[in-house]
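> I am sharing structure26.cif, which consists of mmCIF, C-alpha atoms:
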data_structure
#
loop_
_atom_site.label_atom_id
_atom_site.label_comp_id
_atom_site.auth_asym_id
_atom_site.auth_seq_id
_atom_site.Cartn_x
_atom_site.Cartn_y
_atom_site.Cartn_z
CA MET A 1 -6.79 -16.98 -38.24
CA THR A 2 -4.03 -14.47 -37.60
CA ILE A 3 -2.84 -13.96 -34.04
CA LEU A 4 -0.94 -10.89 -32.93
CA VAL A 5 1.31 -11.51 -29.97
CA ASP A 6 2.41 -7.98 -29.03
CA GLN A 7 1.92 -7.51 -25.30
CA PRO A 8 2.93 -5.12 -22.51
CA GLU A 9 6.40 -5.55 -21.08
CA LEU A 10 6.19 -7.48 -17.83
CA ASP A 11 8.53 -7.14 -14.90
CA ARG A 12 8.96 -10.94 -14.79
CA GLN A 13 10.63 -12.74 -11.94
CA GLU A 14 11.43 -16.37 -11.82
CA GLU A 15 8.59 -17.27 -12.38
CA LYS A 16 -32.98 -17.19 -0.09
CA VAL A 17 -33.90 -20.87 1.69
CA SER A 18 -37.19 -22.82 1.46
CA SER A 19 -38.50 -23.77 4.93
CA LYS A 20 -40.26 -26.81 3.47
CA THR A 21 -37.44 -28.31 1.49
CA ASN A 22 -34.41 -26.79 3.23
CA GLU A 23 -33.04 -26.07 -0.23
CA LEU A 24 -31.69 -22.80 -1.55
CA VAL A 25 -34.30 -21.00 -3.64
CA LEU A 26 -33.02 -18.42 -6.09
CA ASP A 27 -34.96 -15.30 -7.04
CA ALA A 28 -35.87 -16.90 -10.34
CA GLY A 29 -37.53 -19.77 -8.45
CA PHE A 30 -34.95 -22.45 -9.18
CA GLN A 31 -33.92 -24.83 -6.42
CA VAL A 32 -30.60 -26.48 -5.90
CA PRO A 33 -31.22 -30.19 -6.56
CA LYS A 34 -31.37 -31.98 -3.21
CA ASP A 35 -29.91 -35.17 -4.57
CA GLY A 36 -27.82 -33.63 -7.30
CA PHE A 37 -24.09 -33.45 -7.76
CA MET A 38 -22.17 -35.11 -4.93
CA ALA A 39 -18.78 -33.63 -4.23
CA PRO A 40 -15.95 -36.17 -3.92
CA GLU A 41 -13.82 -36.11 -0.80
CA THR A 42 -10.44 -36.02 -2.52
CA ASN A 43 -8.93 -34.67 -5.70
CA SER A 44 -7.15 -36.63 -8.40
CA PHE A 45 -3.96 -36.65 -6.30
CA GLY A 46 -5.70 -38.15 -3.20
CA ASN A 47 -5.68 -34.89 -1.23
CA SER A 48 -8.47 -32.60 -0.02
CA PHE A 49 -9.56 -30.03 -2.58
CA ARG A 50 -7.76 -26.68 -2.40
CA ASP A 51 -5.37 -27.95 0.26
CA TYR A 52 -2.36 -25.73 -0.33
CA GLU A 53 -0.33 -27.27 2.49
CA ALA A 54 -0.71 -30.95 1.57
CA GLU A 55 2.46 -32.69 0.50
CA SER A 56 2.00 -33.56 -3.14
CA GLU A 57 3.93 -33.48 -6.36
CA ARG A 58 2.31 -30.14 -7.19
CA GLN A 59 2.43 -28.40 -3.78
CA LYS A 60 5.85 -26.80 -4.17
CA SER A 61 5.21 -25.48 -7.66
CA VAL A 62 1.79 -24.12 -6.58
CA GLU A 63 3.32 -22.24 -3.66
CA GLU A 64 6.05 -20.80 -5.86
CA PHE A 65 3.36 -19.69 -8.29
CA TYR A 66 1.56 -17.76 -5.53
CA ARG A 67 4.80 -16.22 -4.32
CA ILE A 68 5.46 -14.65 -7.70
CA ASN A 69 1.78 -13.79 -8.22
CA HIS A 70 1.51 -11.94 -4.91
CA ILE A 71 4.68 -9.96 -5.48
CA ASN A 72 3.77 -8.77 -8.97
CA GLN A 73 -0.01 -8.19 -8.90
CA THR A 74 0.01 -4.48 -8.06
CA TYR A 75 -2.62 -1.84 -8.79
CA ASP A 76 -0.45 -0.28 -11.48
CA PHE A 77 0.22 -3.64 -13.14
CA VAL A 78 -3.50 -4.50 -13.26
CA LYS A 79 -4.37 -1.09 -14.69
CA LYS A 80 -1.77 -1.52 -17.43
CA MET A 81 -2.97 -5.01 -18.35
CA ARG A 82 -6.65 -4.03 -18.49
CA GLU A 83 -5.82 -1.12 -20.77
CA ALA A 84 -3.74 -3.28 -23.09
CA TYR A 85 -5.90 -6.39 -23.31
CA GLY A 86 -9.21 -4.51 -23.08
CA LYS A 87 -8.62 -3.27 -26.62
CA LEU A 88 -9.43 -6.79 -27.90
CA ASP A 89 -7.32 -6.23 -31.00
CA ARG A 90 -5.25 -9.43 -31.03
CA VAL A 91 -7.35 -11.94 -32.96
CA GLU A 92 -10.81 -12.80 -34.23
CA MET A 93 -11.93 -16.36 -33.55
CA SER A 94 -14.95 -18.36 -32.42
CA ILE A 95 -15.63 -19.62 -28.91
CA TRP A 96 -14.97 -23.21 -29.98
CA GLU A 97 -11.68 -22.28 -31.65
CA CYS A 98 -10.61 -20.85 -28.31
CA CYS A 99 -11.69 -24.04 -26.51
CA GLU A 100 -9.43 -26.04 -28.83
CA LEU A 101 -6.47 -23.76 -28.13
CA LEU A 102 -6.75 -24.74 -24.47
CA ASN A 103 -5.78 -28.33 -25.31
CA ASP A 104 -2.19 -27.25 -24.70
CA VAL A 105 -2.80 -25.38 -21.44
CA ILE A 106 -2.30 -26.69 -17.88
CA ASP A 107 -2.92 -24.43 -14.85
CA ASP A 108 0.14 -24.38 -12.58
CA SER A 109 -1.84 -22.73 -9.74
CA ASP A 110 -4.31 -25.65 -9.42
CA PRO A 111 -3.38 -28.25 -6.77
CA ASP A 112 -6.28 -30.50 -7.82
CA LEU A 113 -5.71 -31.24 -11.49
CA ASP A 114 -2.99 -31.45 -14.09
CA GLU A 115 -5.16 -32.20 -17.14
CA PRO A 116 -5.56 -29.90 -20.18
CA GLN A 117 -8.09 -27.14 -19.54
CA ILE A 118 -10.64 -28.24 -22.15
CA GLU A 119 -11.18 -31.40 -20.07
CA HIS A 120 -12.08 -29.30 -17.02
CA LEU A 121 -14.42 -27.05 -19.04
CA LEU A 122 -16.43 -30.00 -20.33
CA GLN A 123 -16.41 -31.82 -16.98
CA THR A 124 -17.91 -28.75 -15.31
CA ALA A 125 -20.46 -28.10 -18.04
CA GLU A 126 -21.65 -31.71 -18.20
CA ALA A 127 -22.00 -31.95 -14.41
CA ILE A 128 -24.11 -28.76 -14.29
CA LYS A 129 -26.23 -29.86 -17.27
CA LYS A 130 -27.17 -33.05 -15.42
CA ASP A 131 -28.57 -31.14 -12.41
CA TYR A 132 -29.84 -28.03 -14.23
CA PRO A 133 -31.04 -29.36 -17.63
CA ASN A 134 -33.19 -26.31 -18.40
CA GLU A 135 -30.60 -23.62 -17.63
CA ASP A 136 -28.68 -23.70 -20.88
CA TRP A 137 -27.00 -20.36 -20.13
CA LEU A 138 -25.39 -21.98 -17.11
CA HIS A 139 -24.12 -24.89 -19.22
CA LEU A 140 -22.45 -22.47 -21.61
CA THR A 141 -21.07 -20.36 -18.77
CA ALA A 142 -19.39 -23.48 -17.45
CA LEU A 143 -17.88 -24.20 -20.85
CA ILE A 144 -16.41 -20.74 -21.33
CA HIS A 145 -15.59 -19.63 -17.78
CA ASP A 146 -11.89 -20.43 -18.11
CA LEU A 147 -11.34 -19.48 -21.75
CA GLY A 148 -9.34 -16.48 -20.64
CA LYS A 149 -6.54 -18.92 -19.90
CA VAL A 150 -5.80 -18.75 -23.61
CA LEU A 151 -3.50 -15.91 -22.54
CA LEU A 152 -1.07 -18.67 -21.53
CA HIS A 153 -0.90 -20.12 -25.02
CA PRO A 154 2.36 -19.45 -26.88
CA SER A 155 0.55 -18.50 -30.08
CA PHE A 156 -1.52 -15.96 -28.11
CA GLY A 157 1.39 -14.19 -26.47
CA GLY A 158 2.25 -16.62 -23.69
CA LEU A 159 1.75 -14.50 -20.58
CA PRO A 160 3.36 -16.01 -17.47
CA GLN A 161 1.15 -18.17 -15.26
CA TRP A 162 1.15 -15.63 -12.42
CA ALA A 163 -0.51 -13.07 -14.73
CA VAL A 164 -3.29 -15.42 -15.88
CA VAL A 165 -4.38 -18.02 -13.30
CA GLY A 166 -4.78 -18.49 -9.54
CA ASP A 167 -7.15 -17.05 -6.95
CA THR A 168 -8.08 -13.43 -7.61
CA PHE A 169 -8.28 -10.59 -5.10
CA PRO A 170 -8.90 -6.83 -5.12
CA VAL A 171 -5.99 -4.47 -5.65
CA GLY A 172 -6.15 -0.91 -4.38
CA CYS A 173 -7.04 -1.98 -0.83
CA ALA A 174 -5.51 -4.17 1.88
CA PHE A 175 -4.74 -7.79 1.04
CA ASP A 176 -6.98 -9.84 3.36
CA GLU A 177 -5.23 -12.55 5.35
CA VAL A 178 -7.53 -15.28 3.98
CA ASN A 179 -5.72 -15.05 0.65
CA VAL A 180 -3.73 -18.20 -0.11
CA HIS A 181 -0.08 -17.82 0.95
CA HIS A 182 -0.77 -14.30 2.22
CA LYS A 183 2.77 -13.95 3.56
CA TYR A 184 4.14 -13.24 0.12
CA PHE A 185 2.13 -10.02 -0.19
CA LYS A 186 4.75 -8.45 2.08
CA GLU A 187 7.00 -8.31 -0.97
CA ASN A 188 4.35 -6.46 -3.00
CA PRO A 189 5.01 -2.68 -3.05
CA ASP A 190 1.28 -1.94 -2.58
CA TYR A 191 1.48 -3.62 0.83
CA TYR A 192 3.32 -0.57 2.16
CA ASN A 193 1.47 2.09 0.15
CA HIS A 194 -0.83 4.02 2.52
CA LYS A 195 -3.15 4.76 -0.38
CA TYR A 196 -3.79 1.05 -0.91
CA ASN A 197 -3.17 -0.75 2.40
CA THR A 198 -6.30 0.15 4.39
CA LYS A 199 -9.51 -1.91 4.52
CA ASN A 200 -11.31 0.20 1.91
CA GLY A 201 -8.23 1.61 0.21
CA ILE A 202 -9.31 3.68 -2.80
CA TYR A 203 -12.87 2.27 -2.61
CA SER A 204 -15.94 2.99 -0.46
CA GLU A 205 -18.06 0.52 1.48
CA GLY A 206 -20.85 -0.92 -0.69
CA CYS A 207 -19.41 0.54 -3.86
CA GLY A 208 -20.09 -2.66 -5.79
CA LEU A 209 -17.59 -5.15 -7.18
CA ASN A 210 -17.97 -3.69 -10.66
CA ASN A 211 -16.11 -0.65 -9.34
CA VAL A 212 -13.30 -2.68 -7.78
CA MET A 213 -10.10 -3.49 -9.64
CA MET A 214 -9.32 -7.19 -9.37
CA SER A 215 -5.95 -8.85 -9.81
CA TRP A 216 -5.34 -9.44 -13.49
CA GLY A 217 -6.03 -12.85 -14.96
CA HIS A 218 -8.22 -15.04 -17.10
CA ASP A 219 -11.44 -14.18 -15.19
CA ASP A 220 -11.39 -10.47 -15.94
CA TYR A 221 -10.11 -11.00 -19.47
CA MET A 222 -12.90 -13.43 -20.44
CA TYR A 223 -15.44 -11.06 -18.82
CA LEU A 224 -14.17 -8.26 -21.06
CA VAL A 225 -14.27 -10.50 -24.13
CA ALA A 226 -17.87 -11.59 -23.45
CA LYS A 227 -19.17 -8.12 -22.56
CA GLU A 228 -17.49 -6.21 -25.37
CA ASN A 229 -18.58 -8.79 -27.95
CA LYS A 230 -22.18 -8.19 -26.75
CA THR A 231 -23.05 -11.65 -25.48
CA THR A 232 -26.72 -12.19 -24.64
CA LEU A 233 -25.86 -14.28 -21.58
CA PRO A 234 -27.62 -12.98 -18.41
CA PRO A 235 -25.80 -10.75 -15.88
CA ALA A 236 -25.37 -13.70 -13.51
CA ALA A 237 -23.29 -15.47 -16.15
CA LEU A 238 -20.94 -12.50 -16.54
CA PHE A 239 -20.66 -12.30 -12.74
CA ILE A 240 -19.67 -15.98 -12.57
CA ILE A 241 -17.09 -15.56 -15.31
CA ARG A 242 -15.56 -12.48 -13.68
CA TYR A 243 -15.44 -13.68 -10.08
CA HIS A 244 -15.26 -17.50 -10.13
CA SER A 245 -11.65 -17.38 -8.92
CA PHE A 246 -12.42 -14.82 -6.18
CA TYR A 247 -12.17 -17.50 -3.47
CA PRO A 248 -11.35 -15.04 -0.67
CA LEU A 249 -14.92 -13.74 -1.11
CA HIS A 250 -17.09 -16.68 -2.11
CA LYS A 251 -15.33 -19.24 0.07
CA HIS A 252 -14.13 -17.19 3.05
CA GLY A 253 -16.43 -14.14 3.05
CA ALA A 254 -13.67 -11.57 2.81
CA TYR A 255 -14.22 -8.23 1.06
CA LYS A 256 -18.03 -8.38 1.52
CA HIS A 257 -17.96 -4.74 2.60
CA LEU A 258 -17.32 -3.80 -1.03
CA MET A 259 -20.41 -5.61 -2.37
CA ASN A 260 -23.76 -4.03 -3.23
CA GLU A 261 -27.24 -5.63 -3.43
CA LYS A 262 -26.80 -6.69 -7.04
CA ASP A 263 -23.59 -8.51 -6.16
CA ALA A 264 -25.36 -10.34 -3.33
CA GLU A 265 -28.03 -11.63 -5.73
CA ASN A 266 -25.50 -12.80 -8.31
CA MET A 267 -23.43 -14.46 -5.59
CA LYS A 268 -26.18 -17.06 -5.15
CA TRP A 269 -25.52 -18.34 -8.66
CA LEU A 270 -21.77 -18.19 -8.17
CA HIS A 271 -22.00 -20.38 -5.07
CA ILE A 272 -23.95 -22.96 -7.09
CA PHE A 273 -21.50 -22.81 -9.95
CA ASN A 274 -18.43 -23.07 -7.75
CA LYS A 275 -19.36 -26.53 -6.46
CA TYR A 276 -19.24 -27.89 -9.97
CA ASP A 277 -16.21 -25.87 -10.98
CA LEU A 278 -14.17 -27.16 -8.05
CA TYR A 279 -15.40 -30.70 -7.46
CA SER A 280 -15.98 -31.93 -11.02
CA LYS A 281 -12.23 -32.07 -11.64
CA SER A 282 -11.25 -35.66 -12.25
CA LYS A 283 -9.37 -38.02 -14.52
CA VAL A 284 -12.65 -39.10 -16.19
CA ARG A 285 -12.43 -38.23 -19.87
CA ILE A 286 -15.22 -36.52 -21.83
CA ASP A 287 -16.10 -37.60 -25.38
CA VAL A 288 -15.61 -34.21 -26.97
CA GLU A 289 -17.07 -35.06 -30.37
CA LYS A 290 -20.21 -36.50 -28.75
CA VAL A 291 -21.04 -33.36 -26.74
CA LYS A 292 -19.70 -30.79 -29.20
CA PRO A 293 -22.93 -30.26 -31.27
CA TYR A 294 -24.89 -29.28 -28.14
CA TYR A 295 -22.37 -26.68 -27.04
CA LEU A 296 -22.01 -25.30 -30.56
CA SER A 297 -25.79 -24.65 -30.55
CA LEU A 298 -25.46 -22.72 -27.28
CA ILE A 299 -22.55 -20.69 -28.60
CA GLU A 300 -24.63 -19.74 -31.66
CA LYS A 301 -27.52 -18.72 -29.37
CA TYR A 302 -25.54 -16.46 -27.07
CA PHE A 303 -22.51 -15.24 -29.06
CA PRO A 304 -21.60 -13.94 -32.52
CA ALA A 305 -19.83 -16.37 -34.85
CA LYS A 306 -16.50 -14.59 -34.42
CA LEU A 307 -15.33 -12.64 -31.38
CA ARG A 308 -12.61 -10.06 -30.90
CA TRP A 309 -10.00 -11.23 -28.44
#
Could you quickly redo this structure as structure tokens?

Amino acid sequence: MTILVDQPELDRQEEKVSSKTNELVLDAGFQVPKDGFMAPETNSFGNSFRDYEAESERQKSVEEFYRINHINQTYDFVKKMREAYGKLDRVEMSIWECCELLNDVIDDSDPDLDEPQIEHLLQTAEAIKKDYPNEDWLHLTALIHDLGKVLLHPSFGGLPQWAVVGDTFPVGCAFDEVNVHHKYFKENPDYYNHKYNTKNGIYSEGCGLNNVMMSWGHDDYMYLVAKENKTTLPPAALFIIRYHSFYPLHKHGAYKHLMNEKDAENMKWLHIFNKYDLYSKSKVRIDVEKVKPYYLSLIEKYFPAKLRW
């Protein structure tokens, strides 16, 4: 496997509901298990999940991450990165090979976990499989949703954390105040650009998220990898991959004016997925070799043997 590490120059700084059961019923007829996955009250550091103000050993580094992220994620930067990485000309490798590369990756933007990413992928997938045993596409989506973080790996080019991880948000329109550490957007040049700093910006109401440029990171990259390599995963899976870090929308309801009807339908699956993505993070280890054969069978079902990255 040969990996090319050429990359763009970065201006780096220091770094529907059933009335009988009261359960959500999706269009496909599936119900959220009533007694399924129970979310823990605290993360592995003893704090509430996604508490960006809690005093912890990671709080200061997480805030510094968002400061740099918010300054540098401009419309022009995102456009440049999508053009460069959308070529998918850096390496050919399998999904599982990419999973193994993530053994060396830790997400500096995450206040809830400091374990290697492959642990989180398997924790999420196994938790979803327990509650949704027949939705194998959802199990695989959980496994691969964060594979775009391979952009952090030194052998893959080693992009800085602020250009790969963290909550995502639209660029080309105003930065909503629900964004984590919103104050740092005031140092982003787009904040003062009249073309970009209105509610709709360069977009129109109801245009659909597919027409909105999101801040660059692992979500959009893995979406491009899956789509361009012609995965047979359903549209809801691609939606989850692309927008699972879009917390301003799926947690706080911001930017809904940009959504269309198709987005609203896919959002139902994203809300289900997010519970597992967020709350399955723990120090409990997964026996990788024990679960590996199952996930390899899903990869073979939905993806080619080798993908362009």
> Taking the file as I've supplied it (selection: the PyMOL selection byres ((chain A and resi 303) around 9)), which residues are included? Please answer as a PyMOL selection string.
chain A and resi 94-95+226+229-233+298-302+304-307
> Pull out every residue that the PyMOL selection byres ((chain A and resi 97-101) around 12) matches in the shown coordinates and put them as a PyMOL selection string.
chain A and resi 1+3+91-96+102-106+116-122+140+142-156+222+225+288-289+292+295-296+299+305-309
> If you apply the PyMOL selection byres ((chain A and resi 196-211) around 9) to this file, what residues do you get, as a ChimeraX atom specification?
/A:75,171-176,190-195,212-214,255-263
> I need the residue nearest Tyr66 in chain A from this list: A:Glu126, A:Gly157, A:His181, A:Lys80. Use all atoms listed in the file for the distance.
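Closest to Tyr66 in chain A of all the choices is A:His181.
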> If you count only C-alpha atoms, which residues fall within 8 Å of Trp269 in chain A, apart from same-chain ones fewer than 2 positions away, as a list in words?
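Neighbouring residues, sequence-local ones excluded: Leu26, Ala236, Ile240, Glu265, Asn266, Met267, His271, Ile272 and Phe273 of chain A.
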> Could you dump the residues just selected with C-alpha atoms as a PDB file, in the frame of the given file?

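Contents of part07.pdb, freshly written:
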ATOM      1  CA  LEU A  26     -33.020 -18.420  -6.090  1.00  0.00           C
ATOM      2  CA  ALA A 236     -25.370 -13.700 -13.510  1.00  0.00           C
ATOM      3  CA  ILE A 240     -19.670 -15.980 -12.570  1.00  0.00           C
ATOM      4  CA  GLU A 265     -28.030 -11.630  -5.730  1.00  0.00           C
ATOM      5  CA  ASN A 266     -25.500 -12.800  -8.310  1.00  0.00           C
ATOM      6  CA  MET A 267     -23.430 -14.460  -5.590  1.00  0.00           C
ATOM      7  CA  HIS A 271     -22.000 -20.380  -5.070  1.00  0.00           C
ATOM      8  CA  ILE A 272     -23.950 -22.960  -7.090  1.00  0.00           C
ATOM      9  CA  PHE A 273     -21.500 -22.810  -9.950  1.00  0.00           C
TER      10      PHE A 273
END
> Which is closer to Arg242 in chain A than all the others in A:Pro293, A:Gly86, A:Gly217, A:Pro133, using only C-alpha atoms?
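Checking each of A:Pro293, A:Gly86, A:Gly217, A:Pro133 against Arg242 in chain A, counting only C-alpha atoms, the winner is A:Gly217.
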> Pick from A:Phe185, A:Tyr132, A:Tyr294, A:Tyr223: nearest to His244 in chain A, with all atoms listed in the file counted?
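Of all the options, A:Tyr223 lies closest to His244 in chain A.
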> Work out how far CA of Ser245 in chain A is from CA of Asp167 in chain A, in Å to one decimal.
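Separating CA of Asp167 in chain A from CA of Ser245 in chain A is a distance of 4.9 Å.
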> Closest to Trp162 in chain A among A:Ser215, A:Ala254, A:Asp287, A:Tyr221, using only C-alpha atoms?
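Comparing A:Ser215, A:Ala254, A:Asp287, A:Tyr221 against Trp162 in chain A, the winner is A:Ser215.
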